[in-house]
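Peer 1: This one is work12.cif, mmCIF, C-alpha atoms and all ligand atoms.
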data_target
loop_
_atom_site.group_PDB
_atom_site.id
_atom_site.type_symbol
_atom_site.label_atom_id
_atom_site.label_comp_id
_atom_site.auth_asym_id
_atom_site.auth_seq_id
_atom_site.Cartn_x
_atom_site.Cartn_y
_atom_site.Cartn_z
ATOM 1 C CA MET A 179 27.545 -88.392 -72.344
ATOM 2 C CA VAL A 180 24.736 -88.581 -69.821
ATOM 3 C CA ASP A 181 25.835 -89.781 -66.421
ATOM 4 C CA THR A 182 24.831 -93.482 -66.056
ATOM 5 C CA LEU A 183 23.591 -92.928 -62.518
ATOM 6 C CA ARG A 184 21.316 -90.150 -63.783
ATOM 7 C CA ALA A 185 20.113 -92.236 -66.726
ATOM 8 C CA ASP A 186 19.280 -95.190 -64.456
ATOM 9 C CA SER A 187 17.515 -93.155 -61.759
ATOM 10 C CA LEU A 188 13.880 -92.244 -61.564
ATOM 11 C CA LEU A 189 14.860 -89.076 -59.743
ATOM 12 C CA TYR A 190 18.326 -87.589 -59.654
ATOM 13 C CA LEU A 191 19.424 -84.603 -57.596
ATOM 14 C CA ASP A 192 22.997 -83.426 -57.825
ATOM 15 C CA GLY A 193 24.610 -80.509 -56.019
ATOM 16 C CA VAL A 194 21.275 -78.864 -55.243
ATOM 17 C CA THR A 195 21.616 -75.683 -53.226
ATOM 18 C CA VAL A 196 18.770 -73.448 -52.059
ATOM 19 C CA SER A 197 19.274 -70.338 -49.952
ATOM 20 C CA PHE A 198 16.749 -68.292 -48.047
ATOM 21 C CA ASP A 199 18.165 -64.880 -47.083
ATOM 22 C CA GLY A 200 21.679 -66.269 -47.311
ATOM 23 C CA PHE A 201 20.886 -69.385 -45.239
ATOM 24 C CA LYS A 202 21.420 -72.642 -47.142
ATOM 25 C CA ALA A 203 18.347 -74.831 -46.580
ATOM 26 C CA LEU A 204 19.889 -77.299 -49.048
ATOM 27 C CA ASN A 205 23.648 -77.334 -49.304
ATOM 28 C CA SER A 206 24.817 -79.183 -52.406
ATOM 29 C CA LEU A 207 22.356 -82.034 -51.848
ATOM 30 C CA SER A 208 22.886 -85.098 -54.025
ATOM 31 C CA LEU A 209 20.340 -87.892 -53.851
ATOM 32 C CA VAL A 210 18.910 -90.568 -56.099
ATOM 33 C CA VAL A 211 15.551 -92.324 -56.049
ATOM 34 C CA LYS A 212 15.756 -95.607 -57.911
ATOM 35 C CA ARG A 213 12.953 -96.990 -60.050
ATOM 36 C CA GLY A 214 10.567 -98.984 -57.876
ATOM 37 C CA GLU A 215 12.209 -98.218 -54.554
ATOM 38 C CA LEU A 216 10.765 -97.106 -51.251
ATOM 39 C CA GLN A 217 13.056 -94.575 -49.603
ATOM 40 C CA ALA A 218 12.594 -92.979 -46.200
ATOM 41 C CA ILE A 219 14.021 -89.536 -45.541
ATOM 42 C CA ILE A 220 14.778 -88.844 -41.902
ATOM 43 C CA GLY A 221 16.645 -86.074 -40.130
ATOM 44 C CA PRO A 222 16.277 -83.315 -37.541
ATOM 45 C CA ASN A 223 13.928 -80.353 -37.909
ATOM 46 C CA GLY A 224 15.418 -77.836 -40.305
ATOM 47 C CA ALA A 225 17.459 -80.517 -42.134
ATOM 48 C CA GLY A 226 15.913 -79.509 -45.467
ATOM 49 C CA LYS A 227 13.450 -82.379 -45.970
ATOM 50 C CA THR A 228 10.500 -80.154 -46.897
ATOM 51 C CA THR A 229 12.672 -77.936 -49.087
ATOM 52 C CA MET A 230 13.852 -81.054 -50.919
ATOM 53 C CA MET A 231 10.228 -82.085 -51.588
ATOM 54 C CA ASP A 232 9.495 -78.509 -52.730
ATOM 55 C CA ILE A 233 12.392 -78.681 -55.186
ATOM 56 C CA ILE A 234 11.202 -82.004 -56.624
ATOM 57 C CA THR A 235 7.645 -80.755 -57.119
ATOM 58 C CA GLY A 236 8.705 -77.411 -58.596
ATOM 59 C CA LYS A 237 7.361 -75.329 -55.709
ATOM 60 C CA THR A 238 10.866 -73.989 -55.070
ATOM 61 C CA ARG A 239 13.629 -73.457 -57.624
ATOM 62 C CA PRO A 240 17.211 -74.390 -56.751
ATOM 63 C CA ASP A 241 19.889 -71.690 -56.889
ATOM 64 C CA THR A 242 22.242 -74.269 -58.387
ATOM 65 C CA GLY A 243 22.266 -77.993 -59.049
ATOM 66 C CA GLU A 244 20.583 -80.566 -61.256
ATOM 67 C CA VAL A 245 17.178 -82.203 -60.775
ATOM 68 C CA TYR A 246 16.286 -84.837 -63.365
ATOM 69 C CA PHE A 247 13.269 -87.138 -63.658
ATOM 70 C CA GLU A 248 13.480 -90.381 -65.634
ATOM 71 C CA GLY A 249 17.034 -89.608 -66.676
ATOM 72 C CA SER A 250 16.343 -86.823 -69.134
ATOM 73 C CA VAL A 251 13.626 -84.441 -67.916
ATOM 74 C CA ASP A 252 15.136 -81.342 -66.309
ATOM 75 C CA LEU A 253 12.642 -80.553 -63.529
ATOM 76 C CA THR A 254 14.205 -77.159 -62.853
ATOM 77 C CA LYS A 255 12.679 -76.049 -66.178
ATOM 78 C CA LYS A 256 9.166 -77.308 -65.384
ATOM 79 C CA ASP A 257 6.381 -75.747 -63.330
ATOM 80 C CA GLU A 258 4.365 -77.487 -60.590
ATOM 81 C CA THR A 259 1.498 -78.517 -62.886
ATOM 82 C CA GLU A 260 3.817 -79.949 -65.528
ATOM 83 C CA ILE A 261 5.685 -81.914 -62.863
ATOM 84 C CA ALA A 262 2.451 -83.308 -61.391
ATOM 85 C CA ASN A 263 1.236 -84.290 -64.870
ATOM 86 C CA MET A 264 4.535 -86.031 -65.527
ATOM 87 C CA GLY A 265 3.827 -88.442 -62.678
ATOM 88 C CA ILE A 266 5.135 -86.952 -59.440
ATOM 89 C CA GLY A 267 2.438 -86.887 -56.759
ATOM 90 C CA ARG A 268 2.763 -85.394 -53.304
ATOM 91 C CA LYS A 269 0.837 -85.942 -50.127
ATOM 92 C CA PHE A 270 1.266 -83.318 -47.441
ATOM 93 C CA GLN A 271 1.220 -84.145 -43.746
ATOM 94 C CA LYS A 272 -2.294 -82.836 -43.118
ATOM 95 C CA PRO A 273 -4.935 -84.797 -45.035
ATOM 96 C CA THR A 274 -6.920 -82.683 -47.497
ATOM 97 C CA VAL A 275 -9.850 -84.822 -48.553
ATOM 98 C CA PHE A 276 -13.256 -83.588 -49.761
ATOM 99 C CA GLU A 277 -15.075 -84.002 -46.442
ATOM 100 C CA SER A 278 -18.598 -83.544 -47.798
ATOM 101 C CA HIS A 279 -18.141 -86.210 -50.482
ATOM 102 C CA THR A 280 -18.154 -89.964 -50.049
ATOM 103 C CA VAL A 281 -14.965 -91.973 -49.919
ATOM 104 C CA TRP A 282 -15.818 -93.407 -53.366
ATOM 105 C CA ASP A 283 -16.372 -89.941 -54.851
ATOM 106 C CA ASN A 284 -13.098 -88.669 -53.400
ATOM 107 C CA ILE A 285 -11.261 -91.336 -55.392
ATOM 108 C CA GLU A 286 -13.393 -90.829 -58.497
ATOM 109 C CA LEU A 287 -12.806 -87.067 -58.470
ATOM 110 C CA SER A 288 -9.047 -87.728 -58.340
ATOM 111 C CA LEU A 289 -8.868 -90.245 -61.204
ATOM 112 C CA LYS A 290 -6.441 -89.507 -63.965
ATOM 113 C CA LYS A 291 -8.332 -89.498 -67.239
ATOM 114 C CA PRO A 292 -6.903 -90.329 -70.628
ATOM 115 C CA ARG A 293 -5.872 -87.246 -72.562
ATOM 116 C CA GLY A 294 -6.139 -86.329 -76.205
ATOM 117 C CA VAL A 295 -8.867 -85.689 -78.733
ATOM 118 C CA PHE A 296 -9.686 -89.343 -79.388
ATOM 119 C CA ALA A 297 -9.080 -90.684 -75.890
ATOM 120 C CA SER A 298 -12.734 -90.675 -74.851
ATOM 121 C CA TRP A 299 -13.747 -92.726 -77.946
ATOM 122 C CA PHE A 300 -11.660 -95.675 -76.789
ATOM 123 C CA TYR A 301 -12.276 -95.337 -73.083
ATOM 124 C CA ASP A 302 -15.141 -97.175 -71.498
ATOM 125 C CA ARG A 303 -15.307 -94.723 -68.642
ATOM 126 C CA ASP A 304 -17.811 -96.365 -66.337
ATOM 127 C CA ASP A 305 -16.382 -99.877 -66.309
ATOM 128 C CA GLU A 306 -12.731 -98.898 -66.167
ATOM 129 C CA ASP A 307 -13.314 -96.238 -63.530
ATOM 130 C CA THR A 308 -15.378 -98.570 -61.355
ATOM 131 C CA ALA A 309 -12.761 -101.294 -61.494
ATOM 132 C CA ARG A 310 -9.924 -98.883 -60.780
ATOM 133 C CA ILE A 311 -11.734 -97.191 -57.867
ATOM 134 C CA GLY A 312 -12.534 -100.609 -56.404
ATOM 135 C CA GLU A 313 -8.878 -101.643 -56.617
ATOM 136 C CA ILE A 314 -7.685 -98.431 -54.996
ATOM 137 C CA LEU A 315 -10.187 -98.687 -52.129
ATOM 138 C CA GLU A 316 -9.042 -102.246 -51.546
ATOM 139 C CA THR A 317 -5.403 -101.117 -51.469
ATOM 140 C CA VAL A 318 -6.058 -98.326 -48.973
ATOM 141 C CA ARG A 319 -8.233 -100.510 -46.733
ATOM 142 C CA LEU A 320 -11.397 -98.478 -47.279
ATOM 143 C CA THR A 321 -13.678 -100.788 -49.293
ATOM 144 C CA HIS A 322 -16.036 -101.112 -46.336
ATOM 145 C CA ARG A 323 -16.303 -97.323 -46.018
ATOM 146 C CA ALA A 324 -16.849 -96.524 -49.713
ATOM 147 C CA SER A 325 -20.254 -94.878 -49.260
ATOM 148 C CA GLU A 326 -19.321 -93.043 -46.047
ATOM 149 C CA TYR A 327 -18.758 -89.299 -46.072
ATOM 150 C CA ALA A 328 -15.041 -88.591 -45.824
ATOM 151 C CA ALA A 329 -15.745 -86.304 -42.854
ATOM 152 C CA ASN A 330 -16.731 -89.380 -40.821
ATOM 153 C CA LEU A 331 -13.428 -91.206 -41.278
ATOM 154 C CA SER A 332 -10.820 -91.449 -38.533
ATOM 155 C CA HIS A 333 -7.666 -89.365 -38.954
ATOM 156 C CA GLY A 334 -5.756 -92.455 -40.095
ATOM 157 C CA GLN A 335 -8.433 -93.399 -42.623
ATOM 158 C CA LYS A 336 -8.356 -89.857 -44.026
ATOM 159 C CA GLN A 337 -4.620 -90.272 -44.556
ATOM 160 C CA TRP A 338 -5.260 -93.558 -46.383
ATOM 161 C CA LEU A 339 -7.981 -91.938 -48.452
ATOM 162 C CA GLU A 340 -5.583 -89.227 -49.506
ATOM 163 C CA ILE A 341 -3.002 -91.859 -50.414
ATOM 164 C CA GLY A 342 -5.778 -93.463 -52.491
ATOM 165 C CA MET A 343 -6.471 -90.104 -54.170
ATOM 166 C CA LEU A 344 -2.796 -89.921 -55.082
ATOM 167 C CA LEU A 345 -2.905 -93.477 -56.441
ATOM 168 C CA ALA A 346 -5.861 -92.438 -58.590
ATOM 169 C CA GLN A 347 -3.442 -90.103 -60.362
ATOM 170 C CA ASP A 348 -1.211 -93.131 -61.042
ATOM 171 C CA PRO A 349 2.067 -91.357 -60.241
ATOM 172 C CA LYS A 350 5.447 -92.899 -61.034
ATOM 173 C CA LEU A 351 6.839 -91.270 -57.903
ATOM 174 C CA MET A 352 4.834 -90.678 -54.726
ATOM 175 C CA LEU A 353 6.135 -88.213 -52.149
ATOM 176 C CA VAL A 354 4.552 -88.730 -48.751
ATOM 177 C CA ASP A 355 5.103 -86.343 -45.868
ATOM 178 C CA GLU A 356 4.841 -87.778 -42.328
ATOM 179 C CA PRO A 357 1.908 -90.101 -43.042
ATOM 180 C CA VAL A 358 1.645 -91.622 -39.563
ATOM 181 C CA ALA A 359 1.708 -88.445 -37.459
ATOM 182 C CA GLY A 360 -1.357 -88.642 -35.195
ATOM 183 C CA MET A 361 -2.204 -92.243 -36.122
ATOM 184 C CA THR A 362 -2.958 -95.028 -33.657
ATOM 185 C CA ASP A 363 -0.381 -97.824 -33.322
ATOM 186 C CA ALA A 364 -2.586 -100.205 -35.321
ATOM 187 C CA GLU A 365 -3.050 -97.617 -38.100
ATOM 188 C CA THR A 366 0.702 -96.974 -38.149
ATOM 189 C CA ILE A 367 1.460 -100.671 -38.622
ATOM 190 C CA GLU A 368 -1.177 -100.919 -41.368
ATOM 191 C CA THR A 369 0.318 -97.856 -43.093
ATOM 192 C CA SER A 370 3.746 -99.473 -43.256
ATOM 193 C CA LYS A 371 2.165 -102.530 -44.928
ATOM 194 C CA LEU A 372 0.240 -100.254 -47.260
ATOM 195 C CA LEU A 373 3.336 -98.328 -48.379
ATOM 196 C CA ASN A 374 5.333 -101.555 -48.781
ATOM 197 C CA GLU A 375 2.577 -102.809 -51.102
ATOM 198 C CA ILE A 376 2.314 -99.553 -53.060
ATOM 199 C CA SER A 377 6.062 -99.425 -53.648
ATOM 200 C CA LYS A 378 5.844 -102.705 -55.581
ATOM 201 C CA SER A 379 4.306 -100.761 -58.471
ATOM 202 C CA ARG A 380 5.939 -97.315 -58.166
ATOM 203 C CA SER A 381 8.670 -95.423 -56.330
ATOM 204 C CA VAL A 382 7.766 -93.904 -52.991
ATOM 205 C CA VAL A 383 9.650 -91.348 -50.886
ATOM 206 C CA VAL A 384 8.451 -90.976 -47.307
ATOM 207 C CA VAL A 385 9.571 -88.218 -44.959
ATOM 208 C CA GLU A 386 9.131 -89.538 -41.446
ATOM 209 C CA HIS A 387 10.218 -89.045 -37.835
ATOM 210 C CA ASP A 388 8.662 -92.186 -36.388
ATOM 211 C CA MET A 389 11.560 -94.662 -36.317
ATOM 212 C CA SER A 390 9.441 -97.673 -35.341
ATOM 213 C CA PHE A 391 7.350 -97.008 -38.459
ATOM 214 C CA VAL A 392 10.461 -96.667 -40.653
ATOM 215 C CA ARG A 393 11.691 -99.980 -39.237
ATOM 216 C CA ASP A 394 8.620 -101.697 -40.691
ATOM 217 C CA LEU A 395 9.184 -100.256 -44.168
ATOM 218 C CA ASP A 396 11.093 -102.270 -46.784
ATOM 219 C CA CYS A 397 13.148 -99.215 -47.563
ATOM 220 C CA ARG A 398 16.480 -97.541 -48.020
ATOM 221 C CA VAL A 399 16.992 -94.761 -45.497
ATOM 222 C CA THR A 400 18.576 -91.366 -46.100
ATOM 223 C CA CYS A 401 19.338 -89.101 -43.171
ATOM 224 C CA LEU A 402 19.591 -85.412 -44.040
ATOM 225 C CA ALA A 403 21.195 -82.784 -41.839
ATOM 226 C CA GLU A 404 22.018 -79.178 -42.640
ATOM 227 C CA GLY A 405 20.768 -79.536 -46.194
ATOM 228 C CA ALA A 406 22.898 -82.504 -47.230
ATOM 229 C CA VAL A 407 23.014 -86.283 -46.886
ATOM 230 C CA LEU A 408 24.525 -87.348 -43.575
ATOM 231 C CA ALA A 409 24.154 -91.104 -44.007
ATOM 232 C CA GLN A 410 22.396 -93.557 -46.279
ATOM 233 C CA GLY A 411 21.654 -97.281 -46.358
ATOM 234 C CA SER A 412 19.588 -99.690 -44.292
ATOM 235 C CA LEU A 413 17.994 -98.289 -41.134
ATOM 236 C CA GLU A 414 20.365 -100.483 -39.128
ATOM 237 C CA HIS A 415 23.368 -98.939 -40.885
ATOM 238 C CA VAL A 416 22.092 -95.348 -40.703
ATOM 239 C CA SER A 417 20.975 -95.522 -37.079
ATOM 240 C CA ALA A 418 24.415 -96.851 -36.029
ATOM 241 C CA ASP A 419 26.213 -93.935 -37.724
ATOM 242 C CA PRO A 420 27.888 -91.777 -35.019
ATOM 243 C CA LEU A 421 27.002 -88.535 -36.828
ATOM 244 C CA VAL A 422 23.336 -89.558 -37.139
ATOM 245 C CA ILE A 423 23.264 -90.396 -33.424
ATOM 246 C CA GLU A 424 24.925 -87.081 -32.547
ATOM 247 C CA ARG A 425 22.814 -84.835 -34.744
ATOM 248 C CA TYR A 426 19.470 -86.634 -34.801
ATOM 249 C CA LEU A 427 18.698 -89.859 -32.976
ATOM 250 C CA GLY A 428 20.609 -89.094 -29.790
ATOM 251 C CA ARG A 429 18.929 -85.725 -29.215
HETATM 252 P P1 LIG A 501 12.727 -79.853 -42.473
HETATM 253 O O1 LIG A 501 11.557 -80.160 -43.357
HETATM 254 O O2 LIG A 501 13.791 -80.892 -42.539
HETATM 255 O O3 LIG A 501 12.323 -79.558 -41.062
HETATM 256 P P2 LIG A 501 12.900 -77.411 -44.019
HETATM 257 O O4 LIG A 501 13.176 -77.795 -45.417
HETATM 258 O O5 LIG A 501 11.493 -77.037 -43.667
HETATM 259 O O6 LIG A 501 13.443 -78.526 -43.027
HETATM 260 O O7 LIG A 501 13.790 -76.163 -43.639
HETATM 261 C C1 LIG A 501 15.203 -76.118 -43.806
HETATM 262 C C2 LIG A 501 15.685 -74.771 -43.327
HETATM 263 O O8 LIG A 501 15.306 -73.773 -44.265
HETATM 264 C C3 LIG A 501 15.105 -74.358 -41.987
HETATM 265 O O9 LIG A 501 16.112 -73.723 -41.241
HETATM 266 C C4 LIG A 501 14.013 -73.397 -42.362
HETATM 267 O O10 LIG A 501 13.806 -72.430 -41.350
HETATM 268 C C5 LIG A 501 14.544 -72.757 -43.636
HETATM 269 N N1 LIG A 501 13.464 -72.380 -44.564
HETATM 270 C C6 LIG A 501 12.652 -73.238 -45.210
HETATM 271 N N2 LIG A 501 11.794 -72.567 -45.995
HETATM 272 C C7 LIG A 501 12.061 -71.241 -45.825
HETATM 273 C C8 LIG A 501 11.525 -70.018 -46.378
HETATM 274 N N3 LIG A 501 10.533 -70.036 -47.252
HETATM 275 N N4 LIG A 501 12.069 -68.858 -45.960
HETATM 276 C C9 LIG A 501 13.097 -68.845 -45.086
HETATM 277 N N5 LIG A 501 13.661 -69.941 -44.541
HETATM 278 C C10 LIG A 501 13.145 -71.124 -44.899
#
Take the structure from the file and write it as structure tokens.
Peer 2:
Amino acid sequence: MVDTLRADSLLYLDGVTVSFDGFKALNSLSLVVKRGELQAIIGPNGAGKTTMMDIITGKTRPDTGEVYFEGSVDLTKKDETEIANMGIGRKFQKPTVFESHTVWDNIELSLKKPRGVFASWFYDRDDEDTARIGEILETVRLTHRASEYAANLSHGQKQWLEIGMLLAQDPKLMLVDEPVAGMTDAETIETSKLLNEISKSRSVVVVEHDMSFVRDLDCRVTCLAEGAVLAQGSLEHVSADPLVIERYLGR
């Protein structure tokens, strides 16, 4: 019988271990992302946060352990492209937008198109695309910059544009790596609102060091250390945990 926790989770990791030259970057990591939740992953450098994202996206294979998506899809048997097509999108820390294209075109180039032989017959491309791009630009606060070249955006706006490009792929799970690094205070506050809004329609996992930003997220917090979960719960609960203070926050 399939584990109920696994069946009910959007993403389920159990006992995941990954070693590099004998060093365990992940040490029997077990973690669940629920459907529709926003979860922040915090923890010291070297805790295994990036390796965990690499495992989820198929960039790295675990030595042992289970990784399941939507209860039944074994991600350890899928490659990176299959995993992306299944609805797991990742945004790396450094924005990678098409600088010489407009903001609008960046979103349009990223749109997920219907697949299949007959899909194009039933798809009114222009109208649906235009409406969808408009919605996404609104969400990522870039409507007023739609015809601007991406190169001319601020660092924060480039991050939002890339979040918009991910939204254009309509992922069920968005993985976002340190989105507010290098942002102004105002952009950071706006990004927390943005991610709170986005998580109403999909699950979002954010790796982040900025605790004041995490405080503004409507999220569950998981603190990793030495490749495993150290504490989990509300930020209040996690940040009061003596081990979290000793190994991360108090440093
Ligand atoms: P975090 O993102 O939390 O800072 P990482 O997942 O990047 O942590 O790294 C966890 C540990 O695994 C670190 O000690 C790191 O040096 C090691 N590590 C990660 N990737 C590799 C690799 N490709 N080869 C060797 N060691 C690695």
Peer 1: With distances taken over only C-alpha atoms and all ligand atoms, which residue among A:Ala364, A:Ile311, A:Ala203, A:Met231 lies nearest ligand LIG 501 (chain A)?
Peer 2: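 Selected residue with least distance to ligand LIG 501 (chain A): A:Ala203.
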Peer 1: Applied to the shown file, which residues does the PyMOL selection byres (((chain A and resi 210) around 10) and not hetatm) return, written as a PyMOL selection string?
Peer 2: chain A and resi 183-184+186-192+208-209+211-213+217+245-246
Peer 1: Pick out the closest residue to ligand LIG 501 (chain A) from this set: A:Asp305, A:Glu356, A:Glu316, A:Glu277. Count all atoms listed in the file.
Peer 2: A:Glu356
Peer 1: I would like the residues chosen by the PyMOL selection byres (((chain A and resi 317) around 12) and not hetatm) on the shown file; could you give them as a short mmCIF file (atom, residue, chain, number, x, y, z; two decimals) with C-alpha atoms, keeping the file's coordinate frame?
Peer 2:
data_model
loop_
_atom_site.label_atom_id
_atom_site.label_comp_id
_atom_site.auth_asym_id
_atom_site.auth_seq_id
_atom_site.Cartn_x
_atom_site.Cartn_y
_atom_site.Cartn_z
CA ARG A 310 -9.92 -98.88 -60.78
CA ILE A 311 -11.73 -97.19 -57.87
CA GLY A 312 -12.53 -100.61 -56.40
CA GLU A 313 -8.88 -101.64 -56.62
CA ILE A 314 -7.68 -98.43 -55.00
CA LEU A 315 -10.19 -98.69 -52.13
CA GLU A 316 -9.04 -102.25 -51.55
CA VAL A 318 -6.06 -98.33 -48.97
CA ARG A 319 -8.23 -100.51 -46.73
CA LEU A 320 -11.40 -98.48 -47.28
CA THR A 321 -13.68 -100.79 -49.29
CA HIS A 322 -16.04 -101.11 -46.34
CA TRP A 338 -5.26 -93.56 -46.38
CA LEU A 339 -7.98 -91.94 -48.45
CA ILE A 341 -3.00 -91.86 -50.41
CA GLY A 342 -5.78 -93.46 -52.49
CA MET A 343 -6.47 -90.10 -54.17
CA LEU A 345 -2.90 -93.48 -56.44
CA ALA A 346 -5.86 -92.44 -58.59
CA GLU A 368 -1.18 -100.92 -41.37
CA THR A 369 0.32 -97.86 -43.09
CA LYS A 371 2.16 -102.53 -44.93
CA LEU A 372 0.24 -100.25 -47.26
CA LEU A 373 3.34 -98.33 -48.38
CA ASN A 374 5.33 -101.56 -48.78
CA GLU A 375 2.58 -102.81 -51.10
CA ILE A 376 2.31 -99.55 -53.06
CA SER A 377 6.06 -99.42 -53.65
CA SER A 379 4.31 -100.76 -58.47
#
Peer 1: Which residues of range 193-253 of chain A come within 9 Å of range 380-395 of chain A, and what is each one's closest atom pair and distance in Å (one decimal), counting all atoms listed in the file, sorted by chain and residue number, as JSON lines?
Peer 2:
{"residue": "A:Val211", "atom": "CA", "partner": "A:Ser381", "partner_atom": "CA", "distance": 7.6}
{"residue": "A:Lys212", "atom": "CA", "partner": "A:Ser381", "partner_atom": "CA", "distance": 7.3}
{"residue": "A:Arg213", "atom": "CA", "partner": "A:Ser381", "partner_atom": "CA", "distance": 5.9}
{"residue": "A:Gly214", "atom": "CA", "partner": "A:Ser381", "partner_atom": "CA", "distance": 4.3}
{"residue": "A:Glu215", "atom": "CA", "partner": "A:Ser381", "partner_atom": "CA", "distance": 4.8}
{"residue": "A:Leu216", "atom": "CA", "partner": "A:Val382", "partner_atom": "CA", "distance": 4.7}
{"residue": "A:Gln217", "atom": "CA", "partner": "A:Val383", "partner_atom": "CA", "distance": 4.9}
{"residue": "A:Ala218", "atom": "CA", "partner": "A:Val384", "partner_atom": "CA", "distance": 4.7}
{"residue": "A:Ile219", "atom": "CA", "partner": "A:Val385", "partner_atom": "CA", "distance": 4.7}
{"residue": "A:Ile220", "atom": "CA", "partner": "A:Glu386", "partner_atom": "CA", "distance": 5.7}
{"residue": "A:Gly221", "atom": "CA", "partner": "A:His387", "partner_atom": "CA", "distance": 7.4}
{"residue": "A:Pro222", "atom": "CA", "partner": "A:His387", "partner_atom": "CA", "distance": 8.3}
{"residue": "A:Lys227", "atom": "CA", "partner": "A:Val385", "partner_atom": "CA", "distance": 7.1}
{"residue": "A:Thr228", "atom": "CA", "partner": "A:Val385", "partner_atom": "CA", "distance": 8.3}
Peer 1: Counting all atoms listed in the file, what are the residues, protein, DNA or RNA alike, that approach ligand LIG 501 (chain A) to within 8 Å? I want them as number ranges by chain.
Peer 2: A: 197-199, 201-204, 221-230, 402-405
Peer 1: If I take CA of Met361 in chain A and CA of Val407 in chain A, how far is one from the other in Å, to one decimal?
Peer 2: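 According to the coordinates, CA of Met361 in chain A and CA of Val407 in chain A are separated by 28.1 Å.
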Peer 1: Run the PyMOL selection byres (((chain A and resi 236) around 12) and not hetatm) against the file shown and list the residues it catches, as a PDB file with C-alpha atoms, in the coordinates of the input.
Peer 2:
ATOM      1  CA  THR A 229      12.672 -77.936 -49.087  1.00  0.00           C
ATOM      2  CA  MET A 230      13.852 -81.054 -50.919  1.00  0.00           C
ATOM      3  CA  MET A 231      10.228 -82.085 -51.588  1.00  0.00           C
ATOM      4  CA  ASP A 232       9.495 -78.509 -52.730  1.00  0.00           C
ATOM      5  CA  ILE A 233      12.392 -78.681 -55.186  1.00  0.00           C
ATOM      6  CA  ILE A 234      11.202 -82.004 -56.624  1.00  0.00           C
ATOM      7  CA  THR A 235       7.645 -80.755 -57.119  1.00  0.00           C
ATOM      8  CA  LYS A 237       7.361 -75.329 -55.709  1.00  0.00           C
ATOM      9  CA  THR A 238      10.866 -73.989 -55.070  1.00  0.00           C
ATOM     10  CA  ARG A 239      13.629 -73.457 -57.624  1.00  0.00           C
ATOM     11  CA  PRO A 240      17.211 -74.390 -56.751  1.00  0.00           C
ATOM     12  CA  VAL A 245      17.178 -82.203 -60.775  1.00  0.00           C
ATOM     13  CA  TYR A 246      16.286 -84.837 -63.365  1.00  0.00           C
ATOM     14  CA  PHE A 247      13.269 -87.138 -63.658  1.00  0.00           C
ATOM     15  CA  ASP A 252      15.136 -81.342 -66.309  1.00  0.00           C
ATOM     16  CA  LEU A 253      12.642 -80.553 -63.529  1.00  0.00           C
ATOM     17  CA  THR A 254      14.205 -77.159 -62.853  1.00  0.00           C
ATOM     18  CA  LYS A 255      12.679 -76.049 -66.178  1.00  0.00           C
ATOM     19  CA  LYS A 256       9.166 -77.308 -65.384  1.00  0.00           C
ATOM     20  CA  ASP A 257       6.381 -75.747 -63.330  1.00  0.00           C
ATOM     21  CA  GLU A 258       4.365 -77.487 -60.590  1.00  0.00           C
ATOM     22  CA  THR A 259       1.498 -78.517 -62.886  1.00  0.00           C
ATOM     23  CA  GLU A 260       3.817 -79.949 -65.528  1.00  0.00           C
ATOM     24  CA  ILE A 261       5.685 -81.914 -62.863  1.00  0.00           C
ATOM     25  CA  ALA A 262       2.451 -83.308 -61.391  1.00  0.00           C
ATOM     26  CA  ASN A 263       1.236 -84.290 -64.870  1.00  0.00           C
ATOM     27  CA  MET A 264       4.535 -86.031 -65.527  1.00  0.00           C
ATOM     28  CA  ILE A 266       5.135 -86.952 -59.440  1.00  0.00           C
ATOM     29  CA  GLY A 267       2.438 -86.887 -56.759  1.00  0.00           C
ATOM     30  CA  ARG A 268       2.763 -85.394 -53.304  1.00  0.00           C
TER      31      ARG A 268
END
Peer 1: Interatomic distance between CA of Asp283 in chain A and CA of Ile367 in chain A?
Peer 2: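 Those two atoms sit 26.4 Å apart.
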Peer 1: Between A:Tyr426, A:Phe276, A:Trp282, A:Tyr327, which residue has the minimum interatomic distance to Cys401 in chain A, considering all atoms listed in the file?
Peer 2: A:Tyr426
Peer 1: If you measure from CA of Gly265 in chain A to CA of Leu408 in chain A, what distance in Å do you get, rounded to one decimal?
Peer 2: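 Computing it gives 28.2 Å between the two atoms.
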Peer 1: Give the centre and edge lengths of an axis-aligned box, in Å to one decimal, that holds all listed atoms of range 323-332 of chain A with 6 Å on each side, as JSON.
Peer 2:
{"center_x": -15.5, "center_y": -91.8, "center_z": -44.1, "size_x": 21.4, "size_y": 23.0, "size_z": 23.2}
Peer 1: Between A:Asn330, A:Thr242, A:Thr362, A:Ser250, which one has atoms that come closest to Thr280 in chain A, using all atoms listed in the file?
Peer 2: A:Asn330
Peer 1: Considering all atoms listed in the file, return as a compact mmCIF listing (two decimals) with C-alpha atoms, in the coordinates of the input whatever protein or nucleic-acid residues lie within 6 Å of Leu207 in chain A, sequence-local ones (same chain, fewer than 5 positions apart) excluded.
Peer 2:
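The resulting file, result.txt, is reproduced below:
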# COMPACT_ATOMS: atom_id res chain seq x y z
CA GLY A 193 24.61 -80.51 -56.02
CA VAL A 194 21.28 -78.86 -55.24
CA ALA A 406 22.90 -82.50 -47.23
Peer 1: Quick one: residues within 12 Å of (21.3, -99.0, -38.5) (file frame), counting all atoms listed in the file, please, as a list in words.
Peer 2: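 Residues satisfying the cut-off, written out: Met389, Val392, Arg393, Arg398, Val399, Thr400, Cys401, Ala409, Gln410, Gly411, Ser412, Leu413, Glu414, His415, Val416, Ser417, Ala418, Asp419, Pro420, Val422, Ile423 and Leu427 of chain A.
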Peer 1: When you count all atoms listed in the file, which of these residues is closest to Thr366 in chain A: A:His333, A:Asp396, A:Leu353, A:Val251?
Peer 2: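 Checking each of A:His333, A:Asp396, A:Leu353, A:Val251 against Thr366 in chain A, counting all atoms listed in the file, the winner is A:His333.
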